[in-house]
>>> print(open('model07.cif').read())   # mmCIF, C-alpha atoms
data_coords
#
loop_
_atom_site.label_atom_id
_atom_site.label_comp_id
_atom_site.auth_asym_id
_atom_site.auth_seq_id
_atom_site.Cartn_x
_atom_site.Cartn_y
_atom_site.Cartn_z
CA MET F 914 4.11 1.58 12.95
CA ASP F 915 0.95 2.86 11.44
CA ALA F 916 -2.35 3.02 13.22
CA SER F 917 -4.72 0.53 11.64
CA ASN F 918 -8.48 0.23 11.98
CA ASP F 919 -8.89 -3.27 13.33
CA SER F 920 -11.78 -2.32 15.62
CA GLN F 921 -14.96 -2.53 13.60
CA VAL F 922 -18.55 -1.97 14.60
CA LYS F 923 -20.30 -5.32 14.63
CA PRO F 924 -23.28 -5.59 12.26
CA VAL F 925 -26.60 -5.07 14.01
CA GLU F 926 -28.70 -8.21 13.91
CA SER F 927 -32.47 -8.05 13.44
CA GLU F 928 -34.29 -8.08 16.75
CA LYS F 929 -35.59 -11.57 17.52
CA VAL F 930 -39.26 -11.67 18.56
CA PRO F 931 -39.71 -14.34 21.26
CA SER F 932 -42.47 -16.86 20.67
CA LYS F 933 -45.30 -16.24 23.12
CA LYS F 934 -46.95 -18.98 25.22
CA LEU F 935 -50.64 -19.28 26.15
CA GLN F 936 -51.89 -20.05 29.59
CA GLY F 937 -51.19 -23.62 30.57
CA GLY F 938 -47.75 -23.55 28.98
CA LYS F 939 -48.96 -24.21 25.43
CA ARG F 940 -47.12 -22.48 22.58
CA ARG F 941 -49.32 -20.02 20.76
CA SER F 942 -50.31 -21.15 17.28
CA SER F 943 -50.51 -18.87 14.29
CA LYS F 944 -54.32 -18.94 14.55
CA ASP F 945 -54.41 -17.47 18.05
CA GLU F 946 -54.87 -13.74 18.31
CA ASP F 947 -51.80 -11.82 19.43
CA THR F 948 -52.87 -8.68 21.19
CA SER F 949 -49.28 -7.35 21.18
CA ILE F 950 -49.58 -6.68 17.44
CA PRO F 951 -52.10 -4.09 16.19
CA LYS F 952 -55.12 -5.72 14.53
CA GLN F 953 -54.59 -3.87 11.30
CA THR F 954 -51.19 -5.55 10.93
CA GLN F 955 -52.09 -9.07 12.11
CA ASN F 956 -52.98 -10.21 8.60
CA ALA F 957 -49.79 -8.71 7.17
CA GLN F 958 -46.25 -10.01 7.70
CA TYR F 959 -44.91 -8.50 10.90
CA LYS F 960 -41.59 -6.71 10.57
CA PRO F 961 -39.79 -5.39 13.63
CA LYS F 962 -38.55 -1.83 13.46
CA PRO F 963 -34.91 -1.71 12.36
CA ARG F 964 -32.48 -0.47 14.91
CA PRO F 965 -30.60 2.70 14.03
CA LYS F 966 -27.06 2.16 12.79
CA GLN F 967 -24.42 2.61 15.43
CA LYS F 968 -21.83 5.27 14.75
CA ARG F 969 -18.20 4.69 15.67
CA LYS F 970 -17.06 6.99 18.44
CA ALA F 971 -14.37 9.48 17.53
CA ASP F 972 -10.89 8.48 18.60
CA PHE F 973 -7.23 8.92 17.62
CA ARG F 974 -7.92 7.65 14.08
CA ASP F 975 -9.99 10.77 13.35
CA ILE F 976 -7.18 13.27 13.93
CA ASP F 977 -6.59 15.36 10.80
CA ASP F 978 -3.50 17.58 10.99
CA LEU F 979 -2.96 17.96 7.24
CA LYS F 980 -3.24 21.74 7.61
CA ASP F 981 0.01 21.72 9.58
CA VAL F 982 2.12 20.05 6.89
CA GLU F 983 5.01 22.03 5.39
CA TYR F 984 6.16 20.89 1.94
CA ILE F 985 9.66 21.75 0.71
CA PHE F 986 10.61 21.61 -2.98
CA GLU F 987 14.26 21.20 -3.94
CA HIS F 988 16.45 19.15 -6.29
CA GLY F 989 13.39 17.98 -8.21
CA LEU F 990 11.90 16.44 -5.06
CA ARG F 991 8.93 17.12 -2.81
CA LYS F 992 9.92 16.85 0.85
CA VAL F 993 8.02 17.11 4.13
CA LYS F 994 9.53 19.08 6.97
CA PRO F 995 10.19 16.56 9.80
CA TYR F 996 7.59 16.60 12.57
CA PHE F 997 6.81 14.84 15.83
CA PHE F 998 4.14 12.20 15.59
CA VAL F 999 2.69 9.40 17.73
CA TYR F 1000 1.71 6.22 15.94
CA ARG F 1001 -1.25 4.59 17.65
CA ALA F 1002 -2.97 1.31 16.93
CA TYR F 1003 -5.36 -1.02 18.67
CA ALA F 1004 -3.66 -4.29 19.55
CA LYS F 1005 -4.12 -6.86 16.81
CA GLY F 1006 -5.16 -10.39 17.65
CA ARG F 1007 -1.74 -11.83 16.83
CA TRP F 1008 -0.09 -9.42 19.31
CA LEU F 1009 -2.07 -10.57 22.34
CA GLY F 1010 -0.05 -12.25 25.09
CA ARG F 1011 3.27 -11.37 23.44
CA GLU F 1012 5.97 -9.13 24.91
CA ILE F 1013 5.99 -5.60 23.51
CA LEU F 1014 9.62 -5.82 22.35
CA GLU F 1015 8.91 -9.01 20.43
CA VAL F 1016 5.87 -7.41 18.80
CA PHE F 1017 7.83 -4.43 17.53
CA CYS F 1018 10.83 -6.47 16.34
CA SER F 1019 8.67 -8.91 14.38
CA GLU F 1020 5.90 -6.62 13.15
CA PHE F 1021 7.81 -3.42 12.35
CA ARG F 1022 11.07 -4.50 10.79
CA ASP F 1023 12.07 -1.09 9.44
CA ARG F 1024 14.01 -0.52 12.68
CA SER F 1025 16.46 -2.64 14.67
CA GLU F 1026 16.07 -4.28 18.07
CA HIS F 1027 18.70 -1.83 19.36
CA TYR F 1028 16.35 1.01 18.47
CA TYR F 1029 13.25 -0.56 20.03
CA ARG F 1030 15.05 -1.24 23.33
CA TYR F 1031 16.19 2.40 23.28
CA ALA F 1032 12.64 3.63 22.53
CA ILE F 1033 11.13 1.56 25.35
CA LYS F 1034 13.74 2.82 27.82
CA ARG F 1035 13.12 6.44 26.76
CA GLY F 1036 9.34 6.05 27.09
CA LEU F 1037 8.72 6.52 23.36
CA ILE F 1038 6.83 3.23 23.15
CA THR F 1039 3.73 3.07 25.34
CA ILE F 1040 0.60 1.06 26.02
CA ASN F 1041 -2.53 3.07 26.79
CA GLY F 1042 -0.32 6.13 27.20
CA GLU F 1043 1.83 4.55 29.92
CA THR F 1044 5.49 3.57 29.75
CA VAL F 1045 6.38 -0.12 29.48
CA GLU F 1046 9.21 -2.58 30.03
CA VAL F 1047 10.64 -4.79 27.29
CA ASP F 1048 8.73 -7.80 28.71
CA THR F 1049 5.35 -6.06 29.15
CA LYS F 1050 2.69 -8.20 27.50
CA VAL F 1051 0.04 -6.85 25.16
CA LYS F 1052 -3.58 -7.37 26.18
CA ASN F 1053 -6.86 -7.22 24.34
CA GLY F 1054 -8.12 -3.66 23.91
CA ASP F 1055 -4.68 -2.07 24.45
CA ILE F 1056 -3.71 0.97 22.42
CA VAL F 1057 -0.05 0.68 21.46
CA GLY F 1058 1.78 3.95 20.85
CA HIS F 1059 5.14 4.92 19.38
CA GLU F 1060 6.33 8.53 19.40
CA ILE F 1061 8.89 9.50 16.77
CA HIS F 1062 10.35 12.50 15.03
CA ARG F 1063 9.05 11.59 11.59
CA HIS F 1064 11.26 11.92 8.51
CA GLU F 1065 9.20 11.07 5.44
CA PRO F 1066 11.13 9.96 2.35
CA PRO F 1067 11.14 12.48 -0.52
CA VAL F 1068 9.11 11.90 -3.67
CA PRO F 1069 9.33 13.43 -7.17
CA ASP F 1070 7.85 16.93 -7.34
CA SER F 1071 5.81 15.99 -10.45
CA GLU F 1072 2.42 17.62 -10.88
CA VAL F 1073 -0.67 15.47 -10.32
CA ARG F 1074 -2.56 16.00 -13.59
CA ILE F 1075 -6.37 15.84 -13.49
CA VAL F 1076 -7.79 13.88 -16.45
CA HIS F 1077 -11.46 14.30 -15.53
CA GLU F 1078 -13.41 15.76 -12.62
CA SER F 1079 -17.06 15.69 -11.58
CA PRO F 1080 -18.82 16.48 -8.29
CA ASP F 1081 -18.24 12.93 -7.01
CA LEU F 1082 -15.19 11.68 -8.94
CA MET F 1083 -11.65 12.77 -9.72
CA VAL F 1084 -9.65 10.92 -12.39
CA ILE F 1085 -5.93 11.66 -12.26
CA ASP F 1086 -2.70 10.74 -13.98
CA LYS F 1087 -0.63 9.66 -10.99
CA PRO F 1088 3.07 10.54 -11.21
CA ALA F 1089 5.50 7.69 -10.64
CA GLY F 1090 7.34 7.57 -7.32
CA ILE F 1091 4.51 8.83 -5.07
CA PRO F 1092 2.50 6.42 -2.86
CA VAL F 1093 -1.28 6.56 -3.08
CA HIS F 1094 -2.17 6.73 0.62
CA SER F 1095 -0.55 6.82 4.04
CA ALA F 1096 1.41 3.66 4.83
CA GLY F 1097 4.74 2.81 6.38
CA ARG F 1098 7.08 5.81 6.31
CA TYR F 1099 4.72 7.93 4.18
CA ARG F 1100 1.93 10.05 5.60
CA PHE F 1101 1.80 13.48 3.93
CA ASN F 1102 3.93 12.68 0.87
CA THR F 1103 1.06 10.75 -0.71
CA ILE F 1104 -1.34 11.31 -3.60
CA VAL F 1105 -4.35 11.59 -1.31
CA SER F 1106 -2.70 14.08 1.05
CA ILE F 1107 -1.22 16.17 -1.77
CA LEU F 1108 -4.61 16.51 -3.49
CA ARG F 1109 -6.50 17.17 -0.27
CA HIS F 1110 -3.98 19.82 0.74
CA LYS F 1111 -3.92 21.56 -2.65
CA TYR F 1112 -7.68 21.59 -3.33
CA GLU F 1113 -8.88 21.65 0.32
CA ILE F 1114 -10.96 18.51 -0.12
CA PRO F 1115 -12.07 16.94 3.20
CA LYS F 1116 -12.18 13.34 2.03
CA LEU F 1117 -10.90 11.31 -0.93
CA CYS F 1118 -11.38 7.57 -1.46
CA PRO F 1119 -9.11 5.90 -4.05
CA SER F 1120 -11.05 3.27 -6.00
CA ASN F 1121 -7.94 1.62 -7.38
CA ARG F 1122 -4.38 1.31 -6.13
CA LEU F 1123 -1.10 1.71 -7.94
CA ASP F 1124 2.31 0.79 -6.54
CA ARG F 1125 4.40 3.75 -5.41
CA PRO F 1126 6.86 3.62 -8.37
CA THR F 1127 4.05 3.08 -10.93
CA SER F 1128 2.38 5.93 -12.85
CA GLY F 1129 -0.97 6.29 -14.58
CA LEU F 1130 -4.73 6.42 -14.19
CA MET F 1131 -6.34 6.53 -10.79
CA LEU F 1132 -10.04 6.83 -9.99
CA ILE F 1133 -10.61 8.75 -6.77
CA SER F 1134 -14.11 9.13 -5.34
CA LYS F 1135 -15.15 12.26 -3.47
CA THR F 1136 -18.16 10.70 -1.75
CA SER F 1137 -18.80 7.43 0.08
CA GLU F 1138 -21.66 6.60 -2.29
CA LYS F 1139 -19.43 6.90 -5.36
CA ALA F 1140 -16.67 4.93 -3.64
CA HIS F 1141 -19.09 2.05 -2.93
CA LYS F 1142 -20.30 2.06 -6.54
CA MET F 1143 -16.76 1.98 -7.92
CA GLU F 1144 -15.85 -0.74 -5.44
CA ARG F 1145 -18.72 -2.90 -6.70
CA GLU F 1146 -17.63 -2.43 -10.30
CA MET F 1147 -14.07 -3.35 -9.36
CA SER F 1148 -15.09 -6.46 -7.39
CA GLN F 1149 -17.44 -7.63 -10.16
CA ARG F 1150 -14.60 -7.20 -12.68
CA ASN F 1151 -16.65 -4.80 -14.79
CA ILE F 1152 -13.61 -2.60 -15.37
CA GLN F 1153 -11.10 -3.35 -18.11
CA LYS F 1154 -7.54 -2.18 -17.47
CA GLU F 1155 -4.61 -1.68 -19.81
CA TYR F 1156 -1.05 -0.94 -18.75
CA VAL F 1157 2.15 -0.37 -20.69
CA ALA F 1158 5.56 -1.56 -19.53
CA ARG F 1159 9.11 -1.25 -20.85
CA VAL F 1160 10.86 -4.59 -20.49
CA ASP F 1161 14.33 -5.97 -21.09
CA GLY F 1162 14.78 -7.86 -24.37
CA VAL F 1163 12.70 -8.37 -27.50
CA PHE F 1164 9.27 -9.50 -26.38
CA PRO F 1165 7.59 -12.01 -28.75
CA GLU F 1166 5.19 -10.61 -31.36
CA GLU F 1167 2.33 -12.99 -30.59
CA GLU F 1168 -0.09 -12.43 -27.71
CA ILE F 1169 0.98 -14.25 -24.55
CA THR F 1170 -1.29 -15.16 -21.65
CA CYS F 1171 0.28 -15.93 -18.26
CA ASN F 1172 -1.91 -17.88 -15.83
CA GLU F 1173 0.67 -18.58 -13.12
CA PRO F 1174 -0.52 -18.38 -9.47
CA ILE F 1175 1.07 -15.79 -7.19
CA LYS F 1176 1.77 -16.12 -3.46
CA ILE F 1177 2.83 -13.45 -0.99
CA ILE F 1178 6.34 -14.37 0.18
CA SER F 1179 6.62 -11.60 2.81
CA HIS F 1180 3.78 -9.33 3.95
CA LYS F 1181 6.17 -6.96 5.72
CA LEU F 1182 8.47 -6.52 2.71
CA SER F 1183 5.60 -6.66 0.20
CA ILE F 1184 7.21 -9.38 -1.92
CA SER F 1185 5.33 -12.00 -3.94
CA TYR F 1186 6.19 -14.50 -6.66
CA VAL F 1187 4.89 -17.42 -8.68
CA HIS F 1188 4.20 -20.32 -6.35
CA PRO F 1189 2.09 -23.51 -6.61
CA GLU F 1190 0.23 -22.51 -3.44
CA GLY F 1191 -0.49 -19.03 -4.77
CA LYS F 1192 -3.81 -17.47 -5.76
CA PRO F 1193 -4.90 -17.80 -9.40
CA CYS F 1194 -4.26 -14.81 -11.62
CA THR F 1195 -4.11 -14.03 -15.32
CA THR F 1196 -2.35 -11.36 -17.39
CA VAL F 1197 -2.49 -10.95 -21.18
CA PHE F 1198 0.56 -9.41 -22.88
CA GLN F 1199 1.00 -7.98 -26.40
CA ARG F 1200 4.11 -6.31 -27.78
CA ILE F 1201 3.56 -2.75 -29.06
CA SER F 1202 7.10 -1.85 -30.12
CA THR F 1203 10.77 -2.77 -29.74
CA ASP F 1204 14.15 -1.21 -30.50
CA GLY F 1205 16.01 -4.49 -30.37
CA GLN F 1206 17.17 -4.09 -26.77
CA SER F 1207 13.94 -3.36 -24.93
CA SER F 1208 10.23 -3.58 -25.72
CA ILE F 1209 7.04 -1.70 -24.96
CA VAL F 1210 4.39 -4.23 -23.94
CA ARG F 1211 0.64 -3.82 -23.51
CA CYS F 1212 -0.46 -5.55 -20.27
CA LYS F 1213 -4.06 -6.52 -19.48
CA PRO F 1214 -4.46 -7.88 -15.94
CA LEU F 1215 -7.65 -9.93 -15.62
CA THR F 1216 -7.13 -10.30 -11.87
CA GLY F 1217 -5.72 -7.89 -9.30
CA ARG F 1218 -2.92 -9.52 -7.32
CA THR F 1219 -0.16 -7.41 -5.77
CA HIS F 1220 2.70 -6.84 -8.25
CA GLN F 1221 0.94 -9.17 -10.71
CA ILE F 1222 2.22 -7.56 -13.95
CA ARG F 1223 5.76 -7.18 -12.63
CA ILE F 1224 5.91 -10.78 -11.41
CA HIS F 1225 4.45 -12.33 -14.57
CA LEU F 1226 6.88 -10.36 -16.77
CA LYS F 1227 9.80 -11.54 -14.63
CA PHE F 1228 8.53 -15.13 -14.79
CA LEU F 1229 8.33 -14.94 -18.59
CA GLY F 1230 11.94 -13.72 -18.76
CA PHE F 1231 11.19 -10.10 -19.67
CA PRO F 1232 11.33 -8.08 -16.42
CA ILE F 1233 10.64 -4.36 -16.34
CA GLY F 1234 14.00 -2.81 -17.11
CA ASN F 1235 14.39 -0.66 -14.01
CA ASP F 1236 12.33 -2.68 -11.51
CA PRO F 1237 14.19 -2.49 -8.14
CA LEU F 1238 12.46 -5.61 -6.80
CA TYR F 1239 11.85 -8.00 -9.69
CA GLY F 1240 14.44 -6.71 -12.16
CA ASN F 1241 17.77 -8.24 -13.15
CA GLN F 1242 19.98 -5.77 -11.25
CA THR F 1243 19.41 -7.14 -7.76
CA SER F 1244 21.38 -9.43 -5.49
CA TRP F 1245 18.35 -11.75 -5.29
CA ALA F 1246 17.57 -11.96 -9.04
CA ASN F 1247 18.78 -15.59 -9.13
CA ASN F 1248 16.19 -16.53 -6.51
CA LEU F 1249 13.39 -15.42 -8.87
CA HIS F 1250 13.49 -18.30 -11.34
CA LEU F 1251 12.42 -17.78 -14.94
CA GLY F 1252 9.63 -20.12 -15.93
CA ASP F 1253 9.71 -22.00 -12.62
CA TYR F 1254 8.10 -21.82 -9.20
CA MET F 1255 9.87 -20.48 -6.13
CA SER F 1256 11.00 -23.01 -3.54
CA GLU F 1257 10.77 -22.39 0.21
CA HIS F 1258 14.57 -22.21 0.32
CA ASP F 1259 14.64 -19.51 -2.36
CA ALA F 1260 11.84 -17.61 -0.60
CA LYS F 1261 13.82 -17.51 2.65
CA GLN F 1262 17.00 -16.44 0.85
CA LEU F 1263 15.06 -13.74 -0.99
CA VAL F 1264 13.68 -12.22 2.22
CA ASP F 1265 17.10 -12.34 3.89
CA LYS F 1266 18.79 -10.60 0.94
CA VAL F 1267 16.15 -7.87 0.76
CA MET F 1268 16.58 -7.24 4.49
CA VAL F 1269 20.35 -6.88 4.03
CA ALA F 1270 19.72 -4.41 1.20
CA SER F 1271 17.47 -2.31 3.46
CA PRO F 1272 19.73 -1.24 6.33
CA PHE F 1273 18.29 0.36 9.46
CA GLN F 1274 18.88 4.05 10.03
CA SER F 1275 21.37 4.60 12.83
CA GLY F 1276 21.17 6.98 15.76
CA ASP F 1277 22.06 7.37 19.44
CA TRP F 1278 20.73 3.85 20.06
CA ASP F 1279 23.53 2.39 17.86
CA PRO F 1280 26.59 4.63 18.22
CA THR F 1281 29.01 2.10 16.71
CA LYS F 1282 27.23 2.27 13.39
CA LEU F 1283 27.38 6.07 13.35
CA GLU F 1284 31.16 5.90 13.53
CA HIS F 1285 31.38 3.46 10.61
CA ASP F 1286 33.13 4.85 7.58
CA LEU F 1287 30.53 5.80 4.97
CA GLU F 1288 32.78 4.73 2.13
CA GLU F 1289 33.00 1.20 3.49
CA ALA F 1290 29.22 1.06 3.70
CA LYS F 1291 28.77 1.72 -0.01
CA PRO F 1292 28.28 -1.35 -2.22
CA ASN F 1293 31.20 -2.22 -4.49
CA ALA F 1294 28.98 -3.04 -7.45
CA VAL F 1295 25.41 -2.62 -8.58
CA THR F 1296 23.51 -5.16 -6.50
CA ASP F 1297 20.10 -3.70 -5.73
CA ARG F 1298 18.74 -0.30 -6.66
CA SER F 1299 16.92 0.25 -3.37
CA GLN F 1300 20.21 0.06 -1.46
CA LEU F 1301 21.78 2.65 -3.74
CA LEU F 1302 18.85 5.02 -3.21
CA GLU F 1303 19.17 5.22 0.59
CA MET F 1304 22.69 6.11 1.64
CA GLU F 1305 23.43 7.87 4.91
CA SER F 1306 24.92 11.32 4.46
CA GLY F 1307 27.00 11.32 7.64
CA GLU F 1308 24.80 14.01 9.20
CA ARG F 1309 22.34 13.56 12.05
CA CYS F 1310 19.01 15.19 12.85
CA PRO F 1311 19.50 17.68 15.71
CA GLU F 1312 16.08 16.79 17.12
CA CYS F 1313 16.25 12.98 17.26
CA SER F 1314 19.84 12.03 16.29
CA VAL F 1315 18.71 9.80 13.41
CA ALA F 1316 21.20 9.51 10.56
CA LEU F 1317 20.01 11.47 7.52
CA PHE F 1318 19.94 10.11 3.98
CA VAL F 1319 21.32 11.84 0.92
CA ASP F 1320 18.71 12.91 -1.64
CA PRO F 1321 17.90 10.00 -3.97
CA PRO F 1322 18.15 10.48 -7.74
CA ARG F 1323 14.72 11.48 -9.02
CA ASP F 1324 14.71 8.90 -11.82
CA GLY F 1325 15.58 6.17 -9.32
CA LEU F 1326 12.16 6.49 -7.66
CA ILE F 1327 10.15 5.26 -10.66
CA ILE F 1328 9.67 2.11 -12.71
CA TRP F 1329 8.60 1.75 -16.33
CA LEU F 1330 5.03 0.65 -15.68
CA HIS F 1331 2.05 2.89 -16.47
CA ALA F 1332 -1.74 2.47 -16.06
CA TRP F 1333 -2.79 3.58 -19.53
CA LYS F 1334 -6.53 2.92 -20.06
CA TYR F 1335 -9.51 2.11 -17.83
CA GLN F 1336 -12.97 1.30 -19.16
CA GLY F 1337 -16.19 0.66 -17.24
CA PRO F 1338 -19.78 -0.13 -18.23
CA ASP F 1339 -20.54 3.44 -19.30
CA TRP F 1340 -17.24 5.31 -19.13
CA ALA F 1341 -13.64 5.21 -20.36
CA TYR F 1342 -10.50 7.19 -19.52
CA GLU F 1343 -7.03 7.28 -21.05
CA THR F 1344 -3.74 9.06 -20.35
CA GLU F 1345 -0.88 10.05 -22.59
CA LEU F 1346 1.96 7.57 -22.86
CA PRO F 1347 5.00 8.40 -20.71
CA GLU F 1348 8.23 9.54 -22.37
CA TRP F 1349 10.02 6.23 -21.73
CA ALA F 1350 7.37 4.51 -23.86
CA LYS F 1351 7.19 7.16 -26.56
CA SER F 1352 10.95 7.01 -27.16
CA ILE F 1353 10.83 3.31 -28.09
CA ILE F 1354 7.67 3.66 -30.18
CA ASP F 1355 9.08 6.68 -32.02
CA HIS F 1356 12.36 4.80 -32.61
CA GLN F 1357 10.57 1.93 -34.36
CA SER F 1358 8.40 4.25 -36.43
CA GLN F 1359 11.42 6.04 -37.87
CA PRO F 1360 12.23 4.94 -41.44
CA SER F 1361 15.39 2.85 -41.75
CA SER F 1362 18.25 4.51 -43.68
#
>>> encode(input="model07.cif", output="structure tokens")
Amino acid sequence: MDASNDSQVKPVESEKVPSKKLQGGKRRSSKDEDTSIPKQTQNAQYKPKPRPKQKRKADFRDIDDLKDVEYIFEHGLRKVKPYFFVYRAYAKGRWLGREILEVFCSEFRDRSEHYYRYAIKRGLITINGETVEVDTKVKNGDIVGHEIHRHEPPVPDSEVRIVHESPDLMVIDKPAGIPVHSAGRYRFNTIVSILRHKYEIPKLCPSNRLDRPTSGLMLISKTSEKAHKMEREMSQRNIQKEYVARVDGVFPEEEITCNEPIKIISHKLSISYVHPEGKPCTTVFQRISTDGQSSIVRCKPLTGRTHQIRIHLKFLGFPIGNDPLYGNQTSWANNLHLGDYMSEHDAKQLVDKVMVASPFQSGDWDPTKLEHDLEEAKPNAVTDRSQLLEMESGERCPECSVALFVDPPRDGLIIWLHAWKYQGPDWAYETELPEWAKSIIDHQSQPSS
């Protein structure tokens, strides 16, 4: 559970000036003299003094312990030494009046009900710093806490290359496999934390987001003013974006525009697909090169829906070759119909299958699972890549008893999608093409024997 900023300072309204009444109960007309306003301003439009902006009081969201992080580099991976941490969050509106166990089981599905009952009994889950029972109900204003020994997943140890830097902006070539900011199981193993830690920068504000397995251009503001400017340009669609993807099959030569709407199928699992009730979105595709088995495709998203490029390519029948969610090598690939909308039945099946492919980590709260033979837990065939990446090693953490995962293969953390070019009203940036794209382009450019 991540702490989220749901408590916002309400905008300050302009002070209302009450209409004054004359003696006898008559309302004062505009012609009557108002002695409460200086004479020199009576002929001018009266403007009340603006109230000073209220500043949010410091609380648990302002804790910055990045200086305490310890990175470990081995087997081509960047790891974070496990550490104790307390997630805290103000109670969201949809939590109010619900039992704490129900909230955790429905909102934070990365752990099992067995674990949450264990955590409540051990006092690891709290409300306002006090222990709770499984049936304790959440109230408005409560601060919900969850103390864990945090094991962040490893990420590739690739260098974050700086494309351009100015006093208020940093343009980088994001390596694939690293999340942009803290979310879910990631806190220090993120682009923002890595850059802040390396260059000792107090604050960084990403102006665009890339999925964790995606590589390419990112615009990161160093000041709030620059962040607001970039945000305006993004929202006004003044920025043109170009991506490259490596897809299965021979993509058609002609330009193809996909206008299919996309709907979020599961917020918790971050899954979306083409759906008649989805939000409108448009992507323009153009083949760059092909070797007869796969193709390099230029992708121009004209809107910014989550997973838009990946979903539209899947819908067209040319999914990204190594996509662990929308690719062809998953147990739920048949639920993602080519050229057709997703039914409610398929959506439910999809979520269920993804949940099966994402098993909970075991520990003292589930001893029967710890004794299960690891060989029997391995899939018999290639079903979904995410399941193959997280296999328990048979060892447990001495601090918290959680089952440890084996190191994932470095190449299994990325997908073949790269943010290639960004262009604004008075600027443009471009990165080099990744090796997986160059190899196909170079193959086609070679003269035939």
>>> residues_around(input="model07.cif", residues="Asp1055 in chain F", least_positions_apart="3", cutoff="9 Å", atoms="only C-alpha atoms", output="ChimeraX atom specification")
/F:1002-1004,1040-1041,1051-1052
>>> atom_distance(input="model07.cif", atom1="CA of Gly1129 in chain F", atom2="CA of His1331 in chain F")
4.9 Å
>>> residues_around(input="model07.cif", residues="Arg1007 in chain F", least_positions_apart="4", cutoff="10 Å", atoms="all atoms listed in the file", output="list in words")
Arg1011, Val1016, Glu1020 and Val1051 of chain F
>>> residues_around(input="model07.cif", residues="range 1152-1161 of chain F", least_positions_apart="2", cutoff="8 Å", atoms="all atoms listed in the file", output="PyMOL selection string")
chain F and resi 1146-1147+1150+1163-1164+1206-1215+1226+1231-1234+1329-1338+1349-1350
>>> resolve_selection(input="model07.cif", expression="the PyMOL selection byres ((chain F and resi 976-985) around 10)", output="PDB file with C-alpha atoms, in the coordinates of the input")
ATOM      1  CA  ALA F 971     -14.370   9.480  17.530  1.00  0.00           C
ATOM      2  CA  ASP F 972     -10.890   8.480  18.600  1.00  0.00           C
ATOM      3  CA  PHE F 973      -7.230   8.920  17.620  1.00  0.00           C
ATOM      4  CA  ARG F 974      -7.920   7.650  14.080  1.00  0.00           C
ATOM      5  CA  ASP F 975      -9.990  10.770  13.350  1.00  0.00           C
ATOM      6  CA  PHE F 986      10.610  21.610  -2.980  1.00  0.00           C
ATOM      7  CA  GLU F 987      14.260  21.200  -3.940  1.00  0.00           C
ATOM      8  CA  LEU F 990      11.900  16.440  -5.060  1.00  0.00           C
ATOM      9  CA  ARG F 991       8.930  17.120  -2.810  1.00  0.00           C
ATOM     10  CA  LYS F 992       9.920  16.850   0.850  1.00  0.00           C
ATOM     11  CA  VAL F 993       8.020  17.110   4.130  1.00  0.00           C
ATOM     12  CA  LYS F 994       9.530  19.080   6.970  1.00  0.00           C
ATOM     13  CA  PRO F 995      10.190  16.560   9.800  1.00  0.00           C
ATOM     14  CA  TYR F 996       7.590  16.600  12.570  1.00  0.00           C
ATOM     15  CA  PRO F1067      11.140  12.480  -0.520  1.00  0.00           C
ATOM     16  CA  ASP F1070       7.850  16.930  -7.340  1.00  0.00           C
ATOM     17  CA  ARG F1100       1.930  10.050   5.600  1.00  0.00           C
ATOM     18  CA  PHE F1101       1.800  13.480   3.930  1.00  0.00           C
ATOM     19  CA  ASN F1102       3.930  12.680   0.870  1.00  0.00           C
ATOM     20  CA  SER F1106      -2.700  14.080   1.050  1.00  0.00           C
ATOM     21  CA  ILE F1107      -1.220  16.170  -1.770  1.00  0.00           C
ATOM     22  CA  ARG F1109      -6.500  17.170  -0.270  1.00  0.00           C
ATOM     23  CA  HIS F1110      -3.980  19.820   0.740  1.00  0.00           C
ATOM     24  CA  GLU F1113      -8.880  21.650   0.320  1.00  0.00           C
ATOM     25  CA  PRO F1115     -12.070  16.940   3.200  1.00  0.00           C
TER      26      PRO F1115
END
>>> resolve_selection(input="model07.cif", expression="the PyMOL selection byres ((chain F and resi 1076) around 8)", output="list in words")
Arg1074, Ile1075, His1077, Glu1078, Met1083, Val1084, Ile1085, Asp1086, Tyr1342 and Thr1344 of chain F
>>> closest_residue(input="model07.cif", among="F:Cys1171, F:Ile1222, F:Ile1177, F:Met1304", to="Asp1320 in chain F", atoms="only C-alpha atoms")
F:Met1304
>>> residues_around(input="model07.cif", residues="Arg1030 in chain F", least_positions_apart="3", cutoff="12 Å", atoms="all atoms listed in the file", output="mmCIF file with C-alpha atoms, keeping the file's coordinate frame")
data_model
loop_
_atom_site.group_PDB
_atom_site.id
_atom_site.type_symbol
_atom_site.label_atom_id
_atom_site.label_comp_id
_atom_site.auth_asym_id
_atom_site.auth_seq_id
_atom_site.Cartn_x
_atom_site.Cartn_y
_atom_site.Cartn_z
ATOM 1 C CA ILE F 1013 5.990 -5.600 23.510
ATOM 2 C CA LEU F 1014 9.620 -5.820 22.350
ATOM 3 C CA GLU F 1015 8.910 -9.010 20.430
ATOM 4 C CA VAL F 1016 5.870 -7.410 18.800
ATOM 5 C CA PHE F 1017 7.830 -4.430 17.530
ATOM 6 C CA CYS F 1018 10.830 -6.470 16.340
ATOM 7 C CA ARG F 1024 14.010 -0.520 12.680
ATOM 8 C CA SER F 1025 16.460 -2.640 14.670
ATOM 9 C CA GLU F 1026 16.070 -4.280 18.070
ATOM 10 C CA HIS F 1027 18.700 -1.830 19.360
ATOM 11 C CA ILE F 1033 11.130 1.560 25.350
ATOM 12 C CA LYS F 1034 13.740 2.820 27.820
ATOM 13 C CA ARG F 1035 13.120 6.440 26.760
ATOM 14 C CA GLY F 1036 9.340 6.050 27.090
ATOM 15 C CA LEU F 1037 8.720 6.520 23.360
ATOM 16 C CA ILE F 1038 6.830 3.230 23.150
ATOM 17 C CA VAL F 1045 6.380 -0.120 29.480
ATOM 18 C CA GLU F 1046 9.210 -2.580 30.030
ATOM 19 C CA VAL F 1047 10.640 -4.790 27.290
ATOM 20 C CA ASP F 1048 8.730 -7.800 28.710
ATOM 21 C CA ASP F 1277 22.060 7.370 19.440
ATOM 22 C CA TRP F 1278 20.730 3.850 20.060
ATOM 23 C CA ASP F 1279 23.530 2.390 17.860
#
